[in-house]
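*Asks:* Dropping in data-v1.pdb, which is PDB, C-alpha atoms and all ligand atoms:
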```pdb
ATOM      1  CA  MET B   1       8.971  -9.033 -49.601  1.00  0.00           C
ATOM      2  CA  ASN B   2       6.632 -10.039 -46.785  1.00  0.00           C
ATOM      3  CA  GLU B   3       5.782  -6.423 -46.079  1.00  0.00           C
ATOM      4  CA  TYR B   4       5.086  -5.879 -49.784  1.00  0.00           C
ATOM      5  CA  PHE B   5       2.604  -8.792 -49.910  1.00  0.00           C
ATOM      6  CA  LYS B   6       1.045  -7.717 -46.608  1.00  0.00           C
ATOM      7  CA  SER B   7       0.190  -4.367 -48.148  1.00  0.00           C
ATOM      8  CA  LEU B   8      -1.383  -6.066 -51.183  1.00  0.00           C
ATOM      9  CA  ASN B   9      -3.512  -8.539 -49.198  1.00  0.00           C
ATOM     10  CA  LYS B  10      -6.601  -6.448 -48.648  1.00  0.00           C
ATOM     11  CA  TYR B  11      -9.042  -9.048 -47.362  1.00  0.00           C
ATOM     12  CA  VAL B  12      -9.596  -7.308 -44.039  1.00  0.00           C
ATOM     13  CA  ILE B  13      -8.225  -3.873 -43.409  1.00  0.00           C
ATOM     14  CA  SER B  14      -9.793  -1.864 -40.669  1.00  0.00           C
ATOM     15  CA  GLU B  15      -8.622   0.324 -37.867  1.00  0.00           C
ATOM     16  CA  GLU B  16     -10.105  -2.112 -35.313  1.00  0.00           C
ATOM     17  CA  MET B  17      -8.170  -5.035 -36.826  1.00  0.00           C
ATOM     18  CA  ASN B  18      -4.937  -3.035 -36.764  1.00  0.00           C
ATOM     19  CA  LEU B  19      -5.588  -2.312 -33.099  1.00  0.00           C
ATOM     20  CA  LEU B  20      -6.052  -6.015 -32.343  1.00  0.00           C
ATOM     21  CA  GLU B  21      -2.745  -6.794 -34.035  1.00  0.00           C
ATOM     22  CA  GLN B  22      -0.991  -4.033 -32.139  1.00  0.00           C
ATOM     23  CA  TYR B  23      -2.523  -5.145 -28.838  1.00  0.00           C
ATOM     24  CA  ALA B  24      -1.279  -8.695 -29.411  1.00  0.00           C
ATOM     25  CA  LYS B  25       2.202  -7.457 -30.350  1.00  0.00           C
ATOM     26  CA  ILE B  26       2.567  -5.105 -27.392  1.00  0.00           C
ATOM     27  CA  ASN B  27       1.310  -7.686 -24.907  1.00  0.00           C
ATOM     28  CA  GLY B  28       3.217 -10.652 -26.351  1.00  0.00           C
ATOM     29  CA  ILE B  29       0.047 -12.588 -27.205  1.00  0.00           C
ATOM     30  CA  PRO B  30       0.709 -15.081 -29.998  1.00  0.00           C
ATOM     31  CA  ILE B  31      -1.758 -14.714 -32.872  1.00  0.00           C
ATOM     32  CA  ILE B  32      -1.689 -16.247 -36.335  1.00  0.00           C
ATOM     33  CA  ASN B  33       0.743 -14.477 -38.654  1.00  0.00           C
ATOM     34  CA  LYS B  34      -0.423 -12.814 -41.856  1.00  0.00           C
ATOM     35  CA  GLU B  35       0.966 -15.455 -44.227  1.00  0.00           C
ATOM     36  CA  SER B  36      -0.738 -18.275 -42.373  1.00  0.00           C
ATOM     37  CA  LEU B  37      -3.932 -16.265 -42.085  1.00  0.00           C
ATOM     38  CA  SER B  38      -4.011 -15.704 -45.867  1.00  0.00           C
ATOM     39  CA  PHE B  39      -3.572 -19.425 -46.405  1.00  0.00           C
ATOM     40  CA  LEU B  40      -6.262 -20.318 -43.848  1.00  0.00           C
ATOM     41  CA  LEU B  41      -8.765 -17.869 -45.334  1.00  0.00           C
ATOM     42  CA  LEU B  42      -8.031 -19.209 -48.812  1.00  0.00           C
ATOM     43  CA  LEU B  43      -8.767 -22.753 -47.587  1.00  0.00           C
ATOM     44  CA  ILE B  44     -12.061 -21.592 -46.061  1.00  0.00           C
ATOM     45  CA  GLU B  45     -13.173 -19.811 -49.216  1.00  0.00           C
ATOM     46  CA  THR B  46     -12.172 -22.490 -51.698  1.00  0.00           C
ATOM     47  CA  ASN B  47     -13.711 -25.322 -49.650  1.00  0.00           C
ATOM     48  CA  ASN B  48     -16.977 -23.471 -48.930  1.00  0.00           C
ATOM     49  CA  ILE B  49     -16.379 -23.937 -45.228  1.00  0.00           C
ATOM     50  CA  THR B  50     -19.138 -22.639 -42.958  1.00  0.00           C
ATOM     51  CA  LYS B  51     -18.824 -24.586 -39.692  1.00  0.00           C
ATOM     52  CA  ILE B  52     -15.557 -24.051 -37.847  1.00  0.00           C
ATOM     53  CA  LEU B  53     -14.189 -25.309 -34.558  1.00  0.00           C
ATOM     54  CA  GLU B  54     -11.144 -23.429 -33.270  1.00  0.00           C
ATOM     55  CA  ILE B  55      -9.049 -24.672 -30.371  1.00  0.00           C
ATOM     56  CA  GLY B  56      -7.189 -21.683 -28.886  1.00  0.00           C
ATOM     57  CA  THR B  57      -8.932 -18.305 -29.184  1.00  0.00           C
ATOM     58  CA  ALA B  58      -6.507 -15.930 -27.426  1.00  0.00           C
ATOM     59  CA  ILE B  59      -7.953 -12.443 -28.094  1.00  0.00           C
ATOM     60  CA  GLY B  60     -10.205 -13.690 -30.906  1.00  0.00           C
ATOM     61  CA  TYR B  61      -8.069 -12.415 -33.791  1.00  0.00           C
ATOM     62  CA  SER B  62      -8.175 -15.515 -36.033  1.00  0.00           C
ATOM     63  CA  ALA B  63     -11.829 -16.264 -35.213  1.00  0.00           C
ATOM     64  CA  ILE B  64     -12.845 -12.705 -36.101  1.00  0.00           C
ATOM     65  CA  ASN B  65     -10.895 -12.792 -39.365  1.00  0.00           C
ATOM     66  CA  MET B  66     -12.478 -16.121 -40.326  1.00  0.00           C
ATOM     67  CA  ALA B  67     -15.999 -14.970 -39.440  1.00  0.00           C
ATOM     68  CA  LEU B  68     -15.605 -11.762 -41.438  1.00  0.00           C
ATOM     69  CA  LEU B  69     -15.076 -13.764 -44.630  1.00  0.00           C
ATOM     70  CA  ASN B  70     -18.789 -14.326 -45.129  1.00  0.00           C
ATOM     71  CA  PRO B  71     -22.037 -14.166 -43.142  1.00  0.00           C
ATOM     72  CA  ASN B  72     -22.659 -17.925 -43.416  1.00  0.00           C
ATOM     73  CA  ILE B  73     -19.644 -18.799 -41.288  1.00  0.00           C
ATOM     74  CA  TYR B  74     -20.295 -20.012 -37.727  1.00  0.00           C
ATOM     75  CA  ILE B  75     -17.445 -20.594 -35.306  1.00  0.00           C
ATOM     76  CA  ASP B  76     -17.169 -22.382 -31.978  1.00  0.00           C
ATOM     77  CA  THR B  77     -13.895 -21.351 -30.386  1.00  0.00           C
ATOM     78  CA  ILE B  78     -12.416 -22.730 -27.160  1.00  0.00           C
ATOM     79  CA  GLU B  79     -10.149 -20.790 -24.796  1.00  0.00           C
ATOM     80  CA  LYS B  80      -9.050 -21.901 -21.359  1.00  0.00           C
ATOM     81  CA  LYS B  81      -7.595 -18.688 -19.899  1.00  0.00           C
ATOM     82  CA  GLU B  82     -10.200 -16.465 -18.285  1.00  0.00           C
ATOM     83  CA  GLU B  83      -8.277 -13.285 -19.059  1.00  0.00           C
ATOM     84  CA  MET B  84      -8.109 -14.191 -22.770  1.00  0.00           C
ATOM     85  CA  CYS B  85     -11.785 -15.129 -22.762  1.00  0.00           C
ATOM     86  CA  ASN B  86     -12.729 -11.700 -21.448  1.00  0.00           C
ATOM     87  CA  LEU B  87     -10.619  -9.944 -24.073  1.00  0.00           C
ATOM     88  CA  ALA B  88     -11.916 -12.201 -26.859  1.00  0.00           C
ATOM     89  CA  TYR B  89     -15.525 -11.604 -25.825  1.00  0.00           C
ATOM     90  CA  LYS B  90     -14.979  -7.857 -25.874  1.00  0.00           C
ATOM     91  CA  ASN B  91     -13.389  -8.030 -29.330  1.00  0.00           C
ATOM     92  CA  ILE B  92     -16.063 -10.327 -30.755  1.00  0.00           C
ATOM     93  CA  CYS B  93     -18.708  -7.831 -29.585  1.00  0.00           C
ATOM     94  CA  LEU B  94     -16.708  -4.946 -31.026  1.00  0.00           C
ATOM     95  CA  PHE B  95     -16.929  -6.596 -34.459  1.00  0.00           C
ATOM     96  CA  GLU B  96     -20.612  -7.449 -33.823  1.00  0.00           C
ATOM     97  CA  LEU B  97     -19.923 -11.126 -34.369  1.00  0.00           C
ATOM     98  CA  ASN B  98     -21.415 -12.565 -31.181  1.00  0.00           C
ATOM     99  CA  GLU B  99     -24.220 -14.189 -33.187  1.00  0.00           C
ATOM    100  CA  ARG B 100     -21.714 -16.174 -35.241  1.00  0.00           C
ATOM    101  CA  ILE B 101     -18.749 -16.691 -32.936  1.00  0.00           C
ATOM    102  CA  ASN B 102     -19.562 -18.839 -29.937  1.00  0.00           C
ATOM    103  CA  LEU B 103     -16.824 -18.468 -27.341  1.00  0.00           C
ATOM    104  CA  ILE B 104     -16.427 -21.468 -25.044  1.00  0.00           C
ATOM    105  CA  CYS B 105     -14.351 -20.648 -21.967  1.00  0.00           C
ATOM    106  CA  ASP B 106     -12.990 -24.024 -20.960  1.00  0.00           C
ATOM    107  CA  ASP B 107     -10.007 -26.321 -21.264  1.00  0.00           C
ATOM    108  CA  ALA B 108     -10.355 -28.069 -24.621  1.00  0.00           C
ATOM    109  CA  LEU B 109      -8.880 -31.220 -23.104  1.00  0.00           C
ATOM    110  CA  ASN B 110     -11.638 -31.408 -20.455  1.00  0.00           C
ATOM    111  CA  LEU B 111     -14.576 -30.055 -22.421  1.00  0.00           C
ATOM    112  CA  ASP B 112     -17.586 -32.321 -22.861  1.00  0.00           C
ATOM    113  CA  ILE B 113     -17.736 -32.592 -26.655  1.00  0.00           C
ATOM    114  CA  ASN B 114     -21.512 -33.035 -26.520  1.00  0.00           C
ATOM    115  CA  VAL B 115     -21.819 -29.264 -26.044  1.00  0.00           C
ATOM    116  CA  LEU B 116     -20.429 -28.868 -29.573  1.00  0.00           C
ATOM    117  CA  LYS B 117     -22.079 -29.194 -32.968  1.00  0.00           C
ATOM    118  CA  GLU B 118     -22.437 -32.599 -34.560  1.00  0.00           C
ATOM    119  CA  GLU B 119     -19.665 -31.842 -37.068  1.00  0.00           C
ATOM    120  CA  TYR B 120     -17.389 -29.155 -38.483  1.00  0.00           C
ATOM    121  CA  ASP B 121     -15.942 -28.486 -41.944  1.00  0.00           C
ATOM    122  CA  LEU B 122     -12.768 -27.098 -40.410  1.00  0.00           C
ATOM    123  CA  ILE B 123     -11.053 -27.808 -37.112  1.00  0.00           C
ATOM    124  CA  PHE B 124      -8.282 -25.295 -36.478  1.00  0.00           C
ATOM    125  CA  ILE B 125      -5.818 -26.450 -33.813  1.00  0.00           C
ATOM    126  CA  ASP B 126      -3.930 -23.466 -32.385  1.00  0.00           C
ATOM    127  CA  ALA B 127      -3.585 -23.925 -28.617  1.00  0.00           C
ATOM    128  CA  ALA B 128      -0.898 -25.519 -26.385  1.00  0.00           C
ATOM    129  CA  LYS B 129       1.478 -27.014 -28.939  1.00  0.00           C
ATOM    130  CA  ALA B 130       2.591 -29.878 -26.677  1.00  0.00           C
ATOM    131  CA  GLN B 131      -1.017 -31.116 -26.618  1.00  0.00           C
ATOM    132  CA  ASN B 132      -1.558 -31.252 -30.385  1.00  0.00           C
ATOM    133  CA  ILE B 133      -1.856 -35.052 -30.518  1.00  0.00           C
ATOM    134  CA  ASN B 134      -4.440 -35.000 -27.733  1.00  0.00           C
ATOM    135  CA  PHE B 135      -6.453 -32.242 -29.400  1.00  0.00           C
ATOM    136  CA  PHE B 136      -6.348 -34.084 -32.723  1.00  0.00           C
ATOM    137  CA  ASN B 137      -7.407 -37.420 -31.217  1.00  0.00           C
ATOM    138  CA  LYS B 138     -10.181 -35.865 -29.158  1.00  0.00           C
ATOM    139  CA  TYR B 139     -11.751 -33.703 -31.861  1.00  0.00           C
ATOM    140  CA  GLU B 140     -11.211 -35.595 -35.142  1.00  0.00           C
ATOM    141  CA  MET B 141     -14.531 -37.387 -34.557  1.00  0.00           C
ATOM    142  CA  LYS B 142     -16.216 -33.994 -34.968  1.00  0.00           C
ATOM    143  CA  LEU B 143     -14.866 -33.546 -38.485  1.00  0.00           C
ATOM    144  CA  SER B 144     -17.323 -33.759 -41.387  1.00  0.00           C
ATOM    145  CA  LYS B 145     -16.681 -36.309 -44.148  1.00  0.00           C
ATOM    146  CA  LYS B 146     -14.900 -33.858 -46.426  1.00  0.00           C
ATOM    147  CA  GLY B 147     -13.647 -31.652 -43.602  1.00  0.00           C
ATOM    148  CA  ILE B 148     -10.083 -30.512 -42.929  1.00  0.00           C
ATOM    149  CA  ILE B 149      -7.983 -30.209 -39.794  1.00  0.00           C
ATOM    150  CA  VAL B 150      -5.473 -27.359 -39.897  1.00  0.00           C
ATOM    151  CA  THR B 151      -2.679 -27.032 -37.357  1.00  0.00           C
ATOM    152  CA  ASP B 152      -0.470 -23.948 -37.000  1.00  0.00           C
ATOM    153  CA  ASN B 153       3.111 -23.418 -35.751  1.00  0.00           C
ATOM    154  CA  LEU B 154       4.600 -26.734 -36.803  1.00  0.00           C
ATOM    155  CA  PHE B 155       8.034 -25.080 -36.999  1.00  0.00           C
ATOM    156  CA  PHE B 156       7.450 -23.764 -33.472  1.00  0.00           C
ATOM    157  CA  HIS B 157       8.767 -20.288 -34.347  1.00  0.00           C
ATOM    158  CA  GLY B 158      11.841 -21.837 -35.949  1.00  0.00           C
ATOM    159  CA  ILE B 159      12.870 -23.436 -32.649  1.00  0.00           C
ATOM    160  CA  LEU B 160      12.378 -26.893 -34.140  1.00  0.00           C
ATOM    161  CA  PHE B 161      15.570 -26.435 -36.172  1.00  0.00           C
ATOM    162  CA  LYS B 162      17.718 -24.897 -33.436  1.00  0.00           C
ATOM    163  CA  LYS B 163      20.384 -26.635 -31.406  1.00  0.00           C
ATOM    164  CA  ASP B 164      21.494 -25.754 -27.861  1.00  0.00           C
ATOM    165  CA  LEU B 165      17.973 -25.321 -26.526  1.00  0.00           C
ATOM    166  CA  SER B 166      17.000 -25.098 -22.867  1.00  0.00           C
ATOM    167  CA  LYS B 167      15.577 -28.271 -21.327  1.00  0.00           C
ATOM    168  CA  ASN B 168      12.022 -26.901 -21.551  1.00  0.00           C
ATOM    169  CA  LEU B 169      12.271 -25.874 -25.173  1.00  0.00           C
ATOM    170  CA  ARG B 170      13.941 -29.180 -26.052  1.00  0.00           C
ATOM    171  CA  GLY B 171      10.980 -31.012 -24.500  1.00  0.00           C
ATOM    172  CA  LEU B 172       8.447 -28.869 -26.339  1.00  0.00           C
ATOM    173  CA  SER B 173      10.326 -29.136 -29.595  1.00  0.00           C
ATOM    174  CA  LYS B 174      10.350 -32.936 -29.222  1.00  0.00           C
ATOM    175  CA  LYS B 175       6.572 -32.986 -28.693  1.00  0.00           C
ATOM    176  CA  ILE B 176       5.969 -30.900 -31.804  1.00  0.00           C
ATOM    177  CA  LYS B 177       8.191 -33.232 -33.838  1.00  0.00           C
ATOM    178  CA  LEU B 178       6.207 -36.172 -32.454  1.00  0.00           C
ATOM    179  CA  TYR B 179       2.986 -34.510 -33.588  1.00  0.00           C
ATOM    180  CA  ASN B 180       4.396 -33.902 -37.066  1.00  0.00           C
ATOM    181  CA  GLU B 181       5.394 -37.567 -37.285  1.00  0.00           C
ATOM    182  CA  PHE B 182       2.028 -38.643 -35.877  1.00  0.00           C
ATOM    183  CA  LEU B 183       0.353 -36.762 -38.743  1.00  0.00           C
ATOM    184  CA  SER B 184       2.798 -38.017 -41.325  1.00  0.00           C
ATOM    185  CA  ASN B 185       2.280 -41.672 -40.303  1.00  0.00           C
ATOM    186  CA  ASN B 186      -1.458 -41.494 -39.642  1.00  0.00           C
ATOM    187  CA  ASN B 187      -3.277 -44.163 -41.641  1.00  0.00           C
ATOM    188  CA  ASN B 188      -6.668 -42.498 -41.264  1.00  0.00           C
ATOM    189  CA  PHE B 189      -5.609 -39.062 -42.461  1.00  0.00           C
ATOM    190  CA  LYS B 190      -3.548 -37.728 -45.320  1.00  0.00           C
ATOM    191  CA  THR B 191      -1.623 -34.637 -44.278  1.00  0.00           C
ATOM    192  CA  TYR B 192      -0.118 -31.903 -46.410  1.00  0.00           C
ATOM    193  CA  PHE B 193       2.691 -30.021 -44.675  1.00  0.00           C
ATOM    194  CA  ILE B 194       2.807 -26.479 -45.999  1.00  0.00           C
ATOM    195  CA  PRO B 195       5.883 -24.320 -45.287  1.00  0.00           C
ATOM    196  CA  VAL B 196       3.831 -21.159 -45.001  1.00  0.00           C
ATOM    197  CA  GLY B 197       4.223 -18.785 -42.044  1.00  0.00           C
ATOM    198  CA  ASP B 198       5.358 -20.815 -39.050  1.00  0.00           C
ATOM    199  CA  GLY B 199       4.551 -24.134 -40.760  1.00  0.00           C
ATOM    200  CA  MET B 200       1.009 -25.393 -41.207  1.00  0.00           C
ATOM    201  CA  SER B 201      -0.562 -28.770 -41.848  1.00  0.00           C
ATOM    202  CA  VAL B 202      -3.796 -29.625 -43.588  1.00  0.00           C
ATOM    203  CA  SER B 203      -5.187 -33.083 -42.836  1.00  0.00           C
ATOM    204  CA  ILE B 204      -7.999 -34.769 -44.726  1.00  0.00           C
ATOM    205  CA  ARG B 205      -9.561 -38.169 -44.133  1.00  0.00           C
ATOM    206  CA  ARG B 206      -8.362 -41.093 -46.198  1.00  0.00           C
ATOM    207  CA  TYR B 207     -11.070 -43.137 -47.891  1.00  0.00           C
ATOM    208  CA  ASN B 208     -10.491 -46.492 -49.513  1.00  0.00           C
ATOM    209  CA  ASP B 209     -13.288 -46.186 -52.085  1.00  0.00           C
TER
HETATM  210  C1  LIG B 301      -1.598 -19.260 -30.216  1.00  0.00           C
HETATM  211  S1  LIG B 301      -2.841 -18.701 -29.142  1.00  0.00           S
HETATM  212  C2  LIG B 301      -4.268 -18.684 -30.176  1.00  0.00           C
HETATM  213  C3  LIG B 301      -4.194 -17.648 -31.218  1.00  0.00           C
HETATM  214  C4  LIG B 301      -5.480 -17.440 -32.019  1.00  0.00           C
HETATM  215  N1  LIG B 301      -5.916 -18.672 -32.622  1.00  0.00           N
HETATM  216  C5  LIG B 301      -5.224 -16.422 -33.093  1.00  0.00           C
HETATM  217  O1  LIG B 301      -4.520 -16.741 -34.071  1.00  0.00           O
HETATM  218  O2  LIG B 301      -5.712 -15.286 -32.960  1.00  0.00           O
HETATM  219  C6  LIG B 301      -3.138 -20.122 -28.157  1.00  0.00           C
HETATM  220  C7  LIG B 301      -4.265 -19.965 -27.132  1.00  0.00           C
HETATM  221  O3  LIG B 301      -4.656 -21.283 -26.735  1.00  0.00           O
HETATM  222  C8  LIG B 301      -5.026 -21.260 -25.379  1.00  0.00           C
HETATM  223  N2  LIG B 301      -4.956 -22.630 -24.870  1.00  0.00           N
HETATM  224  C9  LIG B 301      -3.853 -23.345 -24.540  1.00  0.00           C
HETATM  225  N3  LIG B 301      -4.204 -24.577 -24.131  1.00  0.00           N
HETATM  226  C10 LIG B 301      -5.552 -24.645 -24.205  1.00  0.00           C
HETATM  227  C11 LIG B 301      -6.495 -25.651 -23.897  1.00  0.00           C
HETATM  228  N4  LIG B 301      -6.123 -26.846 -23.410  1.00  0.00           N
HETATM  229  N5  LIG B 301      -7.799 -25.385 -24.086  1.00  0.00           N
HETATM  230  C12 LIG B 301      -8.200 -24.175 -24.551  1.00  0.00           C
HETATM  231  N6  LIG B 301      -7.343 -23.176 -24.853  1.00  0.00           N
HETATM  232  C13 LIG B 301      -6.036 -23.404 -24.688  1.00  0.00           C
HETATM  233  C14 LIG B 301      -4.010 -20.311 -24.743  1.00  0.00           C
HETATM  234  O4  LIG B 301      -4.497 -19.816 -23.527  1.00  0.00           O
HETATM  235  C15 LIG B 301      -3.840 -19.271 -25.842  1.00  0.00           C
HETATM  236  O5  LIG B 301      -4.677 -18.157 -25.599  1.00  0.00           O
END
```
Could you write out this file's structure as structure tokens?
*Replies:*
Amino acid sequence: MNEYFKSLNKYVISEEMNLLEQYAKINGIPIINKESLSFLLLLIETNNITKILEIGTAIGYSAINMALLNPNIYIDTIEKKEEMCNLAYKNICLFELNERINLICDDALNLDINVLKEEYDLIFIDAAKAQNINFFNKYEMKLSKKGIIVTDNLFFHGILFKKDLSKNLRGLSKKIKLYNEFLSNNNNFKTYFIPVGDGMSVSIRRYND
């Protein structure tokens, strides 16, 4: 069924994009899956989102797909690994998007937020999953009034529901659960948990008026 829908979803089909997907697959680089990407692109289109902050670039796959949606979209994307930064830069240039995708090679937890724009319509959190709470707390102040924060991999590749995990995975799984609960109990944000792809959340600010 998934394969069937994949073939119908024709928002971006190009040889270069197929190559990016293959590169990620062959080299074990985690990129957003197609279901989640469809959902994310739908959110961007229906909310007229133009200013995006992405935490976790990898090879630039999600940033490139978002930027290709329309020419008014501008993205700041943060990646801490030098090797990924180099690959992402190459790919962004390949798609001729270097005017609209600003790659910031730094650790998002250390970055001086003053180098960023005043505010963003979308903050996409897709980096080290154990740090989700820290990313959220650090960057939520950069969210515009009607903006949304989207987080990917809340099922942690299904590991969240598995028993008999190694100590490391148990620790990581616990941190992801803590993040999910942090979102669920957050008085300043209302979060929708969407069971699409590997589990995504969409958080919007709560207003009393
Ligand atoms: C899941 S991948 C990103 C995938 C990408 N968003 C996509 O869908 O094409 C996560 C990336 O976040 C990066 N990362 C992890 N912790 C980070 C941090 N503290 N600051 C910046 N990047 C980080 C990793 O190096 C990795 O390349």
*Asks:* I'd like the contact shell of Cys85 in chain B - 8 Å cut-off, all atoms listed in the file, skipping same-chain residues fewer than 3 positions apart - returned as a list in words.
*Replies:* Thr57, Ala58, Ile59, Glu79, Lys80, Lys81, Glu82, Ala88, Tyr89, Leu103 and Cys105 of chain B
*Asks:* Kindly compile the residues surrounding ligand LIG 301 (chain B) within 10 Å, counting only C-alpha atoms and all ligand atoms, and format them as a PyMOL selection string.
*Replies:* chain B and resi 20-21+24+29-34+36-37+54-65+77-85+88+104-111+124-132+134-135+152-153
*Asks:* Against range 190-193 of chain B, which residues of range 62-162 of chain B fall within 12 Å? For each one I want the closest pair of atoms and the distance in Å (one decimal), counting only C-alpha atoms, rows by chain and increasing residue number, as a Markdown table.
*Replies:*
```
| residue | atom | partner | partner_atom | distance |
| --- | --- | --- | --- | --- |
| B:Gly147 | CA | B:Lys190 | CA | 11.9 |
| B:Ile148 | CA | B:Thr191 | CA | 9.5 |
| B:Ile149 | CA | B:Thr191 | CA | 9.0 |
| B:Val150 | CA | B:Thr191 | CA | 9.3 |
| B:Thr151 | CA | B:Phe193 | CA | 9.6 |
| B:Asp152 | CA | B:Phe193 | CA | 10.3 |
| B:Asn153 | CA | B:Phe193 | CA | 11.1 |
| B:Leu154 | CA | B:Phe193 | CA | 8.7 |
| B:Phe155 | CA | B:Phe193 | CA | 10.6 |
```
*Asks:* Evaluate the PyMOL selection byres (((chain B and resi 43) around 12) and not hetatm) and record the selected residues as a ChimeraX atom specification, following the chain and residue labels used in the document.
*Replies:* /B:36-42,44-50,52,66,69,121-124,147-150,200-203
*Asks:* Quick check on the file I pasted: which residues fall under the PyMOL selection byres (((chain B and resi 186) around 12) and not hetatm)? Write them as a PDB file with C-alpha atoms, in the frame of the given file.
*Replies:*
```pdb
ATOM      1  CA  ILE B 133      -1.856 -35.052 -30.518  1.00  0.00           C
ATOM      2  CA  PHE B 136      -6.348 -34.084 -32.723  1.00  0.00           C
ATOM      3  CA  ASN B 137      -7.407 -37.420 -31.217  1.00  0.00           C
ATOM      4  CA  LEU B 178       6.207 -36.172 -32.454  1.00  0.00           C
ATOM      5  CA  TYR B 179       2.986 -34.510 -33.588  1.00  0.00           C
ATOM      6  CA  ASN B 180       4.396 -33.902 -37.066  1.00  0.00           C
ATOM      7  CA  GLU B 181       5.394 -37.567 -37.285  1.00  0.00           C
ATOM      8  CA  PHE B 182       2.028 -38.643 -35.877  1.00  0.00           C
ATOM      9  CA  LEU B 183       0.353 -36.762 -38.743  1.00  0.00           C
ATOM     10  CA  SER B 184       2.798 -38.017 -41.325  1.00  0.00           C
ATOM     11  CA  ASN B 185       2.280 -41.672 -40.303  1.00  0.00           C
ATOM     12  CA  ASN B 187      -3.277 -44.163 -41.641  1.00  0.00           C
ATOM     13  CA  ASN B 188      -6.668 -42.498 -41.264  1.00  0.00           C
ATOM     14  CA  PHE B 189      -5.609 -39.062 -42.461  1.00  0.00           C
ATOM     15  CA  LYS B 190      -3.548 -37.728 -45.320  1.00  0.00           C
ATOM     16  CA  THR B 191      -1.623 -34.637 -44.278  1.00  0.00           C
ATOM     17  CA  TYR B 192      -0.118 -31.903 -46.410  1.00  0.00           C
ATOM     18  CA  SER B 203      -5.187 -33.083 -42.836  1.00  0.00           C
ATOM     19  CA  ILE B 204      -7.999 -34.769 -44.726  1.00  0.00           C
ATOM     20  CA  ARG B 205      -9.561 -38.169 -44.133  1.00  0.00           C
ATOM     21  CA  ARG B 206      -8.362 -41.093 -46.198  1.00  0.00           C
TER      22      ARG B 206
END
```
*Asks:* B:Ile176, B:Leu19, B:Leu97, B:Leu116: which is nearest Ile159 in chain B, counting only C-alpha atoms?
*Replies:* B:Ile176
*Asks:* Of the candidates B:Glu118, B:Glu15, B:Glu35, B:Asp112, which shows the shortest atom-to-atom distance to Ile194 in chain B, using all atoms listed in the file?
*Replies:* B:Glu35
*Asks:* Separation of CA of Ile26 in chain B and CA of Leu94 in chain B, in Å?
*Replies:* 19.6 Å
*Asks:* What's the separation between CA of Pro71 in chain B and CA of Lys10 in chain B, in Å to one decimal place?
*Replies:*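 Interatomic distance here is 18.1 Å.
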*Asks:* Would you mind reading off the distance between CA of Tyr120 in chain B and CA of Leu53 in chain B, one decimal, in Å?
*Replies:*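 If I compute the distance from CA of Tyr120 in chain B to CA of Leu53 in chain B, I get 6.4 Å.
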*Asks:* Quick one: axis-aligned box around all listed atoms of range 32-37 of chain B, 8 Å on every side, centre and edge lengths in Å to one decimal, written as lines of an AutoDock Vina configuration file.
*Replies:*
```
center_x = -1.5
center_y = -15.5
center_z = -40.3
size_x = 20.9
size_y = 21.5
size_z = 23.9
```
